[in-house]
>>> print(open('start36.txt').read())   # compact mmCIF, C-alpha atoms
# COMPACT_ATOMS: atom_id res chain seq x y z
CA MET A 1 2.25 20.95 -17.09
CA SER A 2 4.09 23.35 -14.80
CA LYS A 3 6.05 22.05 -11.84
CA PRO A 4 3.95 19.48 -9.94
CA PHE A 5 2.26 21.00 -6.89
CA ILE A 6 3.65 18.38 -4.52
CA GLU A 7 7.21 19.40 -5.42
CA SER A 8 6.66 22.98 -4.26
CA ALA A 9 4.40 22.33 -1.26
CA GLY A 10 7.29 22.61 1.20
CA LEU A 11 6.38 19.47 3.13
CA PRO A 12 8.68 18.27 5.94
CA VAL A 13 10.76 15.17 5.38
CA ALA A 14 10.07 11.87 7.09
CA ASP A 15 12.31 10.72 9.93
CA GLU A 16 15.45 8.74 9.15
CA ILE A 17 17.21 6.21 11.34
CA GLN A 18 20.80 5.11 11.07
CA GLY A 19 22.49 1.77 11.56
CA THR A 20 19.55 -0.39 10.56
CA THR A 21 20.50 -3.60 8.77
CA PRO A 22 18.65 -6.77 7.72
CA GLU A 23 19.98 -8.30 10.94
CA ASN A 24 18.23 -5.79 13.24
CA VAL A 25 15.46 -4.25 11.15
CA LEU A 26 12.52 -5.94 12.87
CA GLU A 27 13.85 -4.87 16.25
CA SER A 28 14.34 -1.32 14.94
CA VAL A 29 10.75 -0.90 13.69
CA ALA A 30 8.91 -2.89 16.38
CA GLY A 31 6.10 -0.76 17.75
CA VAL A 32 7.02 2.22 15.55
CA ALA A 33 3.89 4.07 14.41
CA ARG A 34 5.44 6.53 11.94
CA PRO A 35 7.24 6.10 8.60
CA LEU A 36 11.01 5.76 8.73
CA VAL A 37 13.56 6.14 5.95
CA LEU A 38 16.35 3.55 6.13
CA ARG A 39 19.03 5.22 4.04
CA GLY A 40 21.30 2.77 2.18
CA TYR A 41 19.52 -0.20 3.76
CA CYS A 42 19.50 -2.43 0.68
CA ASP A 43 22.46 -0.94 -1.15
CA HIS A 44 24.23 -4.31 -1.03
CA PHE A 45 21.45 -6.15 -2.90
CA PRO A 46 22.65 -7.59 -6.22
CA ALA A 47 19.53 -6.09 -7.81
CA VAL A 48 20.47 -2.61 -6.58
CA GLN A 49 24.02 -3.01 -7.83
CA ALA A 50 22.66 -3.90 -11.26
CA ALA A 51 20.30 -0.92 -11.17
CA LYS A 52 23.17 1.44 -10.43
CA GLN A 53 24.87 0.32 -13.63
CA SER A 54 22.00 1.18 -15.99
CA PRO A 55 18.30 0.59 -16.65
CA GLN A 56 19.32 -2.08 -19.15
CA ALA A 57 21.40 -3.88 -16.51
CA ILE A 58 18.55 -4.13 -13.98
CA ALA A 59 16.20 -5.24 -16.77
CA GLU A 60 18.62 -8.05 -17.63
CA TYR A 61 18.93 -8.99 -13.96
CA LEU A 62 15.16 -9.25 -13.60
CA LEU A 63 14.93 -11.41 -16.70
CA GLN A 64 17.53 -13.75 -15.19
CA GLN A 65 15.31 -14.11 -12.09
CA TYR A 66 12.08 -14.39 -14.11
CA SER A 67 10.03 -17.61 -14.00
CA GLY A 68 8.59 -17.19 -17.49
CA HIS A 69 4.98 -16.78 -16.37
CA ALA A 70 3.18 -13.95 -18.14
CA VAL A 71 2.95 -10.80 -16.02
CA ASN A 72 0.12 -8.33 -15.68
CA GLY A 73 1.21 -5.42 -17.85
CA CYS A 74 -0.66 -2.14 -17.44
CA PHE A 75 -0.75 0.19 -20.44
CA GLY A 76 -1.98 3.79 -20.40
CA SER A 77 -1.73 6.68 -22.82
CA ALA A 78 0.63 9.62 -22.52
CA GLU A 79 -2.40 11.82 -21.81
CA ALA A 80 -2.66 10.19 -18.37
CA GLY A 81 0.56 11.93 -17.37
CA GLY A 82 1.65 8.75 -15.60
CA ARG A 83 -1.24 8.99 -13.14
CA VAL A 84 -2.83 5.61 -12.38
CA PHE A 85 -6.48 6.54 -12.01
CA TYR A 86 -10.08 6.10 -13.11
CA ASN A 87 -11.66 7.09 -16.40
CA GLU A 88 -13.84 10.20 -16.52
CA ASP A 89 -17.00 8.75 -14.92
CA LEU A 90 -15.24 6.31 -12.55
CA SER A 91 -16.75 3.36 -14.41
CA GLY A 92 -13.32 1.98 -15.31
CA PHE A 93 -9.66 2.89 -15.28
CA ASN A 94 -7.38 5.02 -17.47
CA PHE A 95 -5.27 2.02 -18.46
CA GLU A 96 -5.76 -1.50 -19.72
CA THR A 97 -4.22 -4.65 -18.33
CA ARG A 98 -2.82 -7.37 -20.57
CA ARG A 99 -0.96 -10.60 -19.83
CA VAL A 100 2.44 -10.28 -21.50
CA PRO A 101 5.94 -11.75 -21.17
CA LEU A 102 8.10 -9.67 -18.85
CA GLY A 103 10.57 -8.98 -21.66
CA VAL A 104 7.87 -7.33 -23.76
CA LEU A 105 6.91 -4.98 -20.95
CA LEU A 106 10.53 -4.14 -20.13
CA ASP A 107 11.28 -3.41 -23.79
CA GLU A 108 8.37 -0.97 -23.93
CA ILE A 109 9.46 0.73 -20.71
CA LEU A 110 13.05 1.15 -21.90
CA ALA A 111 11.88 2.39 -25.31
CA SER A 112 9.64 5.00 -23.64
CA ALA A 113 12.71 6.80 -22.28
CA ASP A 114 13.25 8.39 -25.71
CA VAL A 115 9.61 9.37 -26.24
CA GLU A 116 8.68 13.02 -25.64
CA SER A 117 5.19 12.18 -24.35
CA THR A 118 5.74 9.06 -22.27
CA PRO A 119 2.99 6.43 -22.33
CA MET A 120 2.25 4.81 -18.96
CA ARG A 121 3.72 1.33 -18.59
CA TYR A 122 4.00 -0.72 -15.40
CA MET A 123 3.67 -4.08 -13.70
CA PRO A 124 1.63 -3.89 -10.47
CA SER A 125 2.87 -5.60 -7.31
CA SER A 126 3.61 -9.22 -8.24
CA GLU A 127 4.64 -11.92 -5.79
CA VAL A 128 8.29 -12.79 -6.15
CA GLY A 129 7.73 -16.44 -5.24
CA TYR A 130 5.73 -16.97 -8.44
CA TRP A 131 7.26 -14.57 -10.94
CA PHE A 132 10.82 -14.18 -9.59
CA PRO A 133 11.49 -17.30 -7.51
CA GLY A 134 15.18 -16.67 -6.84
CA PHE A 135 14.90 -12.98 -6.09
CA ALA A 136 14.11 -13.13 -2.36
CA ALA A 137 17.04 -15.38 -1.52
CA ALA A 138 19.47 -13.26 -3.52
CA ASN A 139 18.15 -9.97 -2.08
CA ASP A 140 17.38 -10.82 1.54
CA ALA A 141 15.70 -7.97 3.45
CA GLY A 142 15.91 -9.77 6.79
CA VAL A 143 12.20 -10.08 7.54
CA ASN A 144 11.60 -13.78 6.84
CA SER A 145 10.65 -14.45 10.46
CA VAL A 146 7.40 -12.49 10.04
CA SER A 147 6.47 -14.40 6.85
CA PRO A 148 6.03 -11.35 4.63
CA VAL A 149 4.38 -11.23 1.26
CA GLY A 150 7.23 -10.12 -1.00
CA SER A 151 6.33 -8.39 -4.24
CA LEU A 152 8.02 -6.50 -7.06
CA TRP A 153 6.55 -3.43 -8.74
CA LEU A 154 8.17 -1.99 -11.85
CA GLY A 155 7.33 0.73 -14.32
CA ASN A 156 8.34 3.95 -16.00
CA LYS A 157 7.35 7.45 -14.80
CA VAL A 158 4.18 6.41 -13.01
CA ARG A 159 2.42 7.94 -10.01
CA VAL A 160 0.10 5.94 -7.81
CA ALA A 161 -2.69 7.81 -6.02
CA ALA A 162 -2.62 8.04 -2.24
CA HIS A 163 -3.87 4.84 -0.63
CA TYR A 164 -3.24 2.74 2.47
CA ASP A 165 -2.42 -0.90 3.10
CA PHE A 166 -3.45 -2.84 6.20
CA PRO A 167 -0.10 -4.62 6.71
CA ASN A 168 3.19 -3.01 7.63
CA ASN A 169 5.51 -2.54 4.67
CA LEU A 170 9.27 -2.53 4.30
CA ALA A 171 9.68 -1.05 0.83
CA CYS A 172 13.14 -1.49 -0.67
CA ASN A 173 13.87 0.86 -3.55
CA ILE A 174 15.76 -1.16 -6.15
CA ALA A 175 15.89 1.08 -9.22
CA GLY A 176 15.03 4.69 -10.00
CA LYS A 177 14.34 7.66 -7.78
CA ARG A 178 11.06 7.49 -5.88
CA ARG A 179 9.08 9.99 -3.84
CA PHE A 180 6.47 9.13 -1.20
CA THR A 181 4.00 11.62 0.23
CA LEU A 182 2.92 10.15 3.56
CA LEU A 183 -0.15 10.98 5.64
CA PRO A 184 -1.40 9.48 8.92
CA PRO A 185 -4.54 7.30 8.96
CA GLU A 186 -6.73 9.93 10.63
CA GLN A 187 -6.44 12.15 7.53
CA ILE A 188 -8.89 9.97 5.58
CA ALA A 189 -11.68 12.58 5.62
CA ASN A 190 -9.30 15.19 4.15
CA LEU A 191 -8.18 12.90 1.32
CA TYR A 192 -11.57 12.28 -0.31
CA PRO A 193 -11.33 8.51 -0.89
CA GLY A 194 -13.05 7.05 -3.92
CA PRO A 195 -15.20 3.93 -4.28
CA LEU A 196 -14.57 1.42 -1.51
CA GLU A 197 -14.91 -1.73 -3.60
CA PHE A 198 -13.56 -0.59 -6.99
CA ALA A 199 -10.10 0.92 -7.28
CA PRO A 200 -7.11 0.69 -9.68
CA GLY A 201 -4.97 -1.35 -7.29
CA GLY A 202 -7.79 -2.95 -5.33
CA GLN A 203 -7.45 -0.58 -2.35
CA GLU A 204 -9.48 2.65 -2.27
CA ILE A 205 -7.55 5.72 -3.36
CA SER A 206 -7.69 9.46 -2.81
CA LEU A 207 -9.44 11.26 -5.67
CA VAL A 208 -7.17 14.29 -5.21
CA ASP A 209 -4.51 14.81 -7.88
CA PHE A 210 -1.39 15.60 -5.83
CA TYR A 211 0.22 17.17 -8.93
CA ASP A 212 -2.67 19.58 -9.54
CA PRO A 213 -5.13 19.57 -6.62
CA ASP A 214 -8.56 21.11 -7.12
CA PHE A 215 -9.00 22.98 -3.84
CA GLU A 216 -12.50 24.13 -4.75
CA ARG A 217 -13.68 20.54 -5.08
CA PHE A 218 -11.43 19.19 -2.32
CA PRO A 219 -10.96 22.07 0.19
CA LYS A 220 -10.08 19.85 3.15
CA PHE A 221 -7.01 18.61 1.29
CA ARG A 222 -5.21 21.70 2.65
CA ASP A 223 -5.70 20.24 6.14
CA ALA A 224 -4.25 16.94 4.95
CA LEU A 225 -1.15 18.71 3.66
CA ALA A 226 -0.61 20.26 7.07
CA ASN A 227 -0.06 16.71 8.35
CA ALA A 228 1.88 15.31 5.39
CA GLN A 229 5.55 14.45 5.02
CA ILE A 230 7.85 13.52 2.15
CA ALA A 231 10.31 10.64 1.75
CA GLU A 232 12.61 10.61 -1.27
CA LEU A 233 14.42 7.36 -1.99
CA ASN A 234 17.40 6.60 -4.19
CA PRO A 235 18.34 3.08 -5.28
CA GLY A 236 19.46 1.20 -2.16
CA ASP A 237 17.24 3.13 0.26
CA ALA A 238 14.24 1.62 2.05
CA LEU A 239 11.12 3.00 3.70
CA TYR A 240 9.20 1.47 6.58
CA ILE A 241 5.49 2.33 6.30
CA PRO A 242 3.35 1.32 9.29
CA GLY A 243 0.06 -0.29 8.39
CA MET A 244 -2.79 2.11 7.51
CA TRP A 245 -0.61 5.11 6.64
CA TRP A 246 -1.66 6.77 3.38
CA HIS A 247 1.04 7.06 0.74
CA HIS A 248 1.15 8.72 -2.66
CA VAL A 249 4.00 7.22 -4.70
CA GLU A 250 5.90 8.71 -7.64
CA SER A 251 8.37 6.81 -9.81
CA LEU A 252 10.64 9.38 -11.36
CA ASP A 253 13.10 7.62 -13.70
CA THR A 254 13.20 5.55 -16.90
CA LEU A 255 12.85 2.19 -15.12
CA ASN A 256 11.76 2.04 -11.49
CA VAL A 257 11.63 -1.12 -9.36
CA LEU A 258 10.29 -1.43 -5.81
CA TYR A 259 10.55 -4.56 -3.64
CA THR A 260 7.84 -4.54 -0.97
CA HIS A 261 7.48 -6.75 2.11
CA TRP A 262 4.04 -6.76 3.73
CA TRP A 263 3.35 -8.36 7.09
CA ARG A 264 0.75 -8.03 9.83
CA ASP A 265 1.16 -7.74 13.59
CA SER A 266 -1.68 -10.16 14.33
CA GLU A 267 -2.29 -13.79 13.47
CA ALA A 268 -3.47 -14.41 9.92
CA PHE A 269 -6.42 -16.45 11.18
CA MET A 270 -7.90 -13.22 12.61
CA GLY A 271 -9.00 -12.35 9.07
CA ARG A 272 -8.88 -9.11 7.09
CA PRO A 273 -10.18 -6.02 8.91
CA THR A 274 -11.57 -4.75 5.60
CA ASN A 275 -14.14 -7.55 5.78
CA ALA A 276 -15.40 -6.16 9.08
CA LEU A 277 -15.67 -2.69 7.54
CA LEU A 278 -17.66 -3.99 4.57
CA HIS A 279 -19.93 -5.95 6.88
CA ALA A 280 -20.49 -2.77 8.92
CA VAL A 281 -21.40 -0.88 5.73
CA LEU A 282 -24.02 -3.53 5.09
CA GLY A 283 -25.38 -3.83 8.60
CA LEU A 284 -24.87 -0.47 10.32
CA ARG A 285 -24.37 2.51 8.05
CA ASN A 286 -28.02 3.01 7.09
CA LEU A 287 -29.39 2.72 10.61
CA PRO A 288 -30.95 5.83 12.19
CA ALA A 289 -28.43 8.14 13.84
CA HIS A 290 -29.42 7.20 17.39
CA GLN A 291 -28.95 3.50 16.63
CA ARG A 292 -25.54 4.11 15.02
CA LYS A 293 -24.57 5.96 18.18
CA ALA A 294 -25.62 2.97 20.26
CA TRP A 295 -23.60 0.62 18.07
CA LYS A 296 -20.61 2.94 18.30
CA ALA A 297 -20.73 2.49 22.08
CA LEU A 298 -20.74 -1.29 21.59
CA PHE A 299 -17.80 -1.15 19.17
CA ASP A 300 -15.87 1.06 21.56
CA TYR A 301 -16.51 -1.34 24.43
CA TYR A 302 -15.82 -4.61 22.64
CA ILE A 303 -13.26 -3.49 20.05
CA PHE A 304 -11.62 -0.08 20.13
CA ASP A 305 -11.34 0.45 23.88
CA ALA A 306 -11.06 -3.22 24.80
CA ASP A 307 -8.07 -4.46 26.73
CA GLU A 308 -7.07 -7.83 28.13
CA GLY A 309 -9.05 -7.23 31.32
CA ALA A 310 -12.30 -6.22 29.63
CA ALA A 311 -13.90 -9.64 30.15
CA GLU A 312 -12.36 -10.50 33.52
CA HIS A 313 -15.78 -10.27 35.20
CA ILE A 314 -16.80 -13.33 33.16
CA ALA A 315 -15.57 -16.77 34.20
CA PRO A 316 -12.75 -17.81 31.83
CA ALA A 317 -14.60 -20.90 30.66
CA ALA A 318 -17.56 -18.73 29.63
CA GLN A 319 -15.72 -15.91 27.87
CA GLY A 320 -16.04 -17.50 24.44
CA ILE A 321 -14.94 -15.11 21.68
CA LEU A 322 -14.21 -12.43 24.30
CA GLU A 323 -11.10 -14.29 25.43
CA GLN A 324 -7.84 -12.39 24.97
CA PRO A 325 -6.00 -13.22 22.85
CA LEU A 326 -8.49 -14.98 20.63
CA SER A 327 -7.42 -18.58 20.02
CA LEU A 328 -7.32 -20.26 16.63
CA GLU A 329 -10.14 -22.59 17.70
CA LYS A 330 -12.44 -19.72 18.72
CA ALA A 331 -11.52 -17.74 15.62
CA MET A 332 -12.46 -20.63 13.35
CA GLN A 333 -15.76 -21.09 15.19
CA LEU A 334 -16.51 -17.39 14.77
CA ARG A 335 -15.54 -17.44 11.10
CA ALA A 336 -17.89 -20.39 10.47
CA LYS A 337 -20.75 -18.59 12.22
CA LEU A 338 -20.21 -15.43 10.17
CA GLN A 339 -20.09 -17.36 6.91
CA ASN A 340 -23.31 -19.12 7.80
CA ASP A 341 -25.03 -15.88 8.87
CA LEU A 342 -24.09 -14.12 5.63
CA LYS A 343 -25.93 -16.78 3.63
CA ARG A 344 -29.26 -15.74 5.15
>>> encode(input="start36.txt", output="structure tokens")
Amino acid sequence: MSKPFIESAGLPVADEIQGTTPENVLESVAGVARPLVLRGYCDHFPAVQAAKQSPQAIAEYLLQQYSGHAVNGCFGSAEAGGRVFYNEDLSGFNFETRRVPLGVLLDEILASADVESTPMRYMPSSEVGYWFPGFAAANDAGVNSVSPVGSLWLGNKVRVAAHYDFPNNLACNIAGKRRFTLLPPEQIANLYPGPLEFAPGGQEISLVDFYDPDFERFPKFRDALANAQIAELNPGDALYIPGMWWHHVESLDTLNVLYTHWWRDSEAFMGRPTNALLHAVLGLRNLPAHQRKAWKALFDYYIFDADEGAAEHIAPAAQGILEQPLSLEKAMQLRAKLQNDLKR
């Protein structure tokens, strides 16, 4: 293949901020609605120091932290070009997943460095608490107060299709060079997302190949590019990605390791917004246009344009689930009602 399209697209670089440390990171990103590169943020991590020695050194470090539980190893052919994607008819994926010891996967990744056509090898995001129980304490990113889900991803030269995550993410680049192409949430229509409930990583992905985009099939992707930005990370750099931002991720070296920290800005008992979307697909999408318009007005009033004074005309004792903020008690009552209604 010639030079990947995304390398020559001339996209602007994401903003960088200086002086951010694990001691002040949450204060630095509070309320920030755009991606931020934190250059050198995790350079002091023992894992990063091992990675800067050699791929073999970071592999040995990970094995020292490893719990021994089999990992989910993903194996694809060289023909995939490192692209994690579907098969031809979108009935499956272009890789297979097998439970293997971490050492087996790492050996295959390191061996692939000397192969002309590199087969795809990676471990998807895996919670450190289960697979690498000592890693978080030894490589402290300073976000424990928001109770993040900490995960490690590792692989060879793999590229993950553009997708979004609901939570915020502080992504610490441990090993290998990595490139993110970032796009704001409102670009969804220009990114041509695939199946909502069936995707390689569980979250719907863009069907556009950022290395070789088909502009005849996906013409609006040009509009997406007009709103895109690039973030290139070296070992020791970090990237803050606000929730819902699309990101296409390339791992560019022999062994690449990313340490992600996901957290939400609302209480966990509020539930996953994706569930509301799926419920809306079931209950609203196939209504006649005039009824969808009516429901849009209701959603705007109760959800998207709501503020803390929206229910002030109702006596506090009678506000029920309209109270702001929603209490745990009311949330549990609402959850129980929804679960019961869905059984009908």
>>> residues_around(input="start36.txt", residues="Ala80 of chain A", least_positions_apart="5", cutoff="12 Å", atoms="all atoms listed in the file", output="list of chain:residue names")
A:Met1, A:Phe75, A:Phe85, A:Tyr86, A:Asn87, A:Glu88, A:Phe93, A:Asn94, A:Phe95, A:Ser117, A:Thr118, A:Pro119, A:Met120, A:Arg121, A:Lys157, A:Val158, A:Arg159, A:Val160, A:Asp209
>>> residues_around(input="start36.txt", residues="Glu27 of chain A", least_positions_apart="5", cutoff="12 Å", atoms="all atoms listed in the file", output="JSON list (two decimals) with C-alpha atoms, in the frame of the given file")
[["chain", "number", "residue", "atom", "x", "y", "z"],
["A", 19, "GLY", "CA", 22.49, 1.77, 11.56],
["A", 20, "THR", "CA", 19.55, -0.39, 10.56],
["A", 21, "THR", "CA", 20.50, -3.60, 8.77],
["A", 22, "PRO", "CA", 18.65, -6.77, 7.72],
["A", 32, "VAL", "CA", 7.02, 2.22, 15.55],
["A", 142, "GLY", "CA", 15.91, -9.77, 6.79],
["A", 143, "VAL", "CA", 12.20, -10.08, 7.54],
["A", 145, "SER", "CA", 10.65, -14.45, 10.46],
["A", 146, "VAL", "CA", 7.40, -12.49, 10.04]]
>>> residues_near_point(input="start36.txt", point="(-10.1, -8.8, -2.9)", cutoff="10 Å", atoms="only C-alpha atoms", output="list in words")
Glu197, Phe198, Gly202, Gln203, Thr274 and Asn275 of chain A
>>> residues_around(input="start36.txt", residues="Pro167 of chain A", least_positions_apart="2", cutoff="7 Å", atoms="all atoms listed in the file", output="list in words")
Asp165, Asn169, Gly243, Trp262, Trp263 and Arg264 of chain A
>>> residues_around(input="start36.txt", residues="Gly10 of chain A", least_positions_apart="4", cutoff="12 Å", atoms="all atoms listed in the file", output="PyMOL selection string")
chain A and resi 5-6+181+225-230
>>> closest_residue(input="start36.txt", among="A:Leu258, A:Ile188, A:Ala268, A:Ala136", to="Gly176 of chain A", atoms="only C-alpha atoms")
A:Leu258
>>> residues_around(input="start36.txt", residues="Ser2 of chain A", least_positions_apart="5", cutoff="12 Å", atoms="all atoms listed in the file", output="PyMOL selection string")
chain A and resi 7-8+211-212
>>> write_last_selection(input="start36.txt", atoms="C-alpha atoms", output="PDB file, in the coordinates of the input")
ATOM      1  CA  GLU A   7       7.210  19.400  -5.420  1.00  0.00           C
ATOM      2  CA  SER A   8       6.660  22.980  -4.260  1.00  0.00           C
ATOM      3  CA  TYR A 211       0.220  17.170  -8.930  1.00  0.00           C
ATOM      4  CA  ASP A 212      -2.670  19.580  -9.540  1.00  0.00           C
TER       5      ASP A 212
END
>>> residues_near_point(input="start36.txt", point="(2.4, 12.4, -2.6)", cutoff="8 Å", atoms="all atoms listed in the file", output="ChimeraX atom specification")
/A:6,161-162,179-182,210,230,247-250
>>> atom_distance(input="start36.txt", atom1="atom CA of Ala238 of chain A", atom2="atom CA of Leu38 of chain A")
5.0 Å
>>> atom_distance(input="start36.txt", atom1="atom CA of Val257 of chain A", atom2="atom CA of Trp153 of chain A")
5.6 Å
>>> closest_residue(input="start36.txt", among="A:Glu16, A:Asn139, A:Lys220, A:Asp89", to="Ser28 of chain A", atoms="only C-alpha atoms")
A:Glu16
>>> closest_residue(input="start36.txt", among="A:Val208, A:Pro316, A:Ala141, A:Asn156", to="His44 of chain A", atoms="all atoms listed in the file")
A:Ala141
>>> atom_distance(input="start36.txt", atom1="atom CA of Val25 of chain A", atom2="atom CA of Gly150 of chain A")
15.8 Å
>>> decode(input="start36.txt", residues="segment 129-137 of chain A", atoms="all heavy atoms", output="mmCIF file, in the first residue's frame")
data_model
loop_
_atom_site.group_PDB
_atom_site.id
_atom_site.type_symbol
_atom_site.label_atom_id
_atom_site.label_comp_id
_atom_site.auth_asym_id
_atom_site.auth_seq_id
_atom_site.Cartn_x
_atom_site.Cartn_y
_atom_site.Cartn_z
ATOM 1 N N GLY A 129 -7.026 -4.600 37.279
ATOM 2 C CA GLY A 129 -7.271 -5.211 38.577
ATOM 3 C C GLY A 129 -7.306 -6.726 38.527
ATOM 4 O O GLY A 129 -6.926 -7.396 39.498
ATOM 5 N N TYR A 130 -7.720 -7.289 37.395
ATOM 6 C CA TYR A 130 -7.834 -8.735 37.251
ATOM 7 C C TYR A 130 -6.582 -9.339 36.622
ATOM 8 O O TYR A 130 -6.057 -10.345 37.105
ATOM 9 C CB TYR A 130 -9.062 -9.077 36.397
ATOM 10 C CG TYR A 130 -9.303 -10.549 36.211
ATOM 11 C CD1 TYR A 130 -9.844 -11.318 37.242
ATOM 12 C CD2 TYR A 130 -8.991 -11.184 35.014
ATOM 13 C CE1 TYR A 130 -10.067 -12.681 37.075
ATOM 14 C CE2 TYR A 130 -9.208 -12.547 34.835
ATOM 15 C CZ TYR A 130 -9.754 -13.291 35.871
ATOM 16 O OH TYR A 130 -9.975 -14.641 35.699
ATOM 17 N N TRP A 131 -6.094 -8.720 35.556
ATOM 18 C CA TRP A 131 -4.973 -9.316 34.829
ATOM 19 C C TRP A 131 -3.609 -8.794 35.282
ATOM 20 O O TRP A 131 -2.614 -9.484 35.164
ATOM 21 C CB TRP A 131 -5.142 -9.070 33.325
ATOM 22 C CG TRP A 131 -6.058 -10.048 32.656
ATOM 23 C CD1 TRP A 131 -5.764 -11.332 32.283
ATOM 24 C CD2 TRP A 131 -7.425 -9.846 32.303
ATOM 25 N NE1 TRP A 131 -6.856 -11.938 31.712
ATOM 26 C CE2 TRP A 131 -7.896 -11.041 31.701
ATOM 27 C CE3 TRP A 131 -8.304 -8.773 32.401
ATOM 28 C CZ2 TRP A 131 -9.183 -11.191 31.219
ATOM 29 C CZ3 TRP A 131 -9.597 -8.910 31.921
ATOM 30 C CH2 TRP A 131 -10.038 -10.113 31.341
ATOM 31 N N PHE A 132 -3.563 -7.551 35.796
ATOM 32 C CA PHE A 132 -2.287 -6.951 36.198
ATOM 33 C C PHE A 132 -2.476 -6.239 37.541
ATOM 34 O O PHE A 132 -2.446 -5.008 37.623
ATOM 35 C CB PHE A 132 -1.801 -5.968 35.130
ATOM 36 C CG PHE A 132 -1.693 -6.564 33.751
ATOM 37 C CD1 PHE A 132 -2.768 -6.513 32.867
ATOM 38 C CD2 PHE A 132 -0.528 -7.194 33.345
ATOM 39 C CE1 PHE A 132 -2.676 -7.070 31.599
ATOM 40 C CE2 PHE A 132 -0.415 -7.755 32.074
ATOM 41 C CZ PHE A 132 -1.506 -7.692 31.192
ATOM 42 N N PRO A 133 -2.698 -6.989 38.610
ATOM 43 C CA PRO A 133 -3.157 -6.409 39.872
ATOM 44 C C PRO A 133 -2.225 -5.404 40.531
ATOM 45 O O PRO A 133 -2.672 -4.560 41.302
ATOM 46 C CB PRO A 133 -3.370 -7.637 40.764
ATOM 47 C CG PRO A 133 -2.575 -8.739 40.135
ATOM 48 C CD PRO A 133 -2.594 -8.465 38.669
ATOM 49 N N GLY A 134 -0.942 -5.437 40.230
ATOM 50 C CA GLY A 134 -0.028 -4.477 40.838
ATOM 51 C C GLY A 134 0.273 -3.281 39.962
ATOM 52 O O GLY A 134 0.978 -2.353 40.384
ATOM 53 N N PHE A 135 -0.256 -3.278 38.760
ATOM 54 C CA PHE A 135 0.137 -2.264 37.778
ATOM 55 C C PHE A 135 -0.338 -0.867 38.171
ATOM 56 O O PHE A 135 0.411 0.114 38.063
ATOM 57 C CB PHE A 135 -0.415 -2.639 36.401
ATOM 58 C CG PHE A 135 0.147 -1.825 35.277
ATOM 59 C CD1 PHE A 135 1.266 -2.262 34.591
ATOM 60 C CD2 PHE A 135 -0.432 -0.632 34.903
ATOM 61 C CE1 PHE A 135 1.805 -1.509 33.551
ATOM 62 C CE2 PHE A 135 0.100 0.130 33.862
ATOM 63 C CZ PHE A 135 1.220 -0.314 33.188
ATOM 64 N N ALA A 136 -1.579 -0.749 38.619
ATOM 65 C CA ALA A 136 -2.141 0.578 38.917
ATOM 66 C C ALA A 136 -1.379 1.267 40.041
ATOM 67 O O ALA A 136 -1.103 2.467 39.966
ATOM 68 C CB ALA A 136 -3.620 0.448 39.272
ATOM 69 N N ALA A 137 -1.025 0.534 41.072
ATOM 70 C CA ALA A 137 -0.317 1.143 42.195
ATOM 71 C C ALA A 137 1.084 1.579 41.790
ATOM 72 O O ALA A 137 1.579 2.625 42.237
ATOM 73 C CB ALA A 137 -0.250 0.156 43.358
#
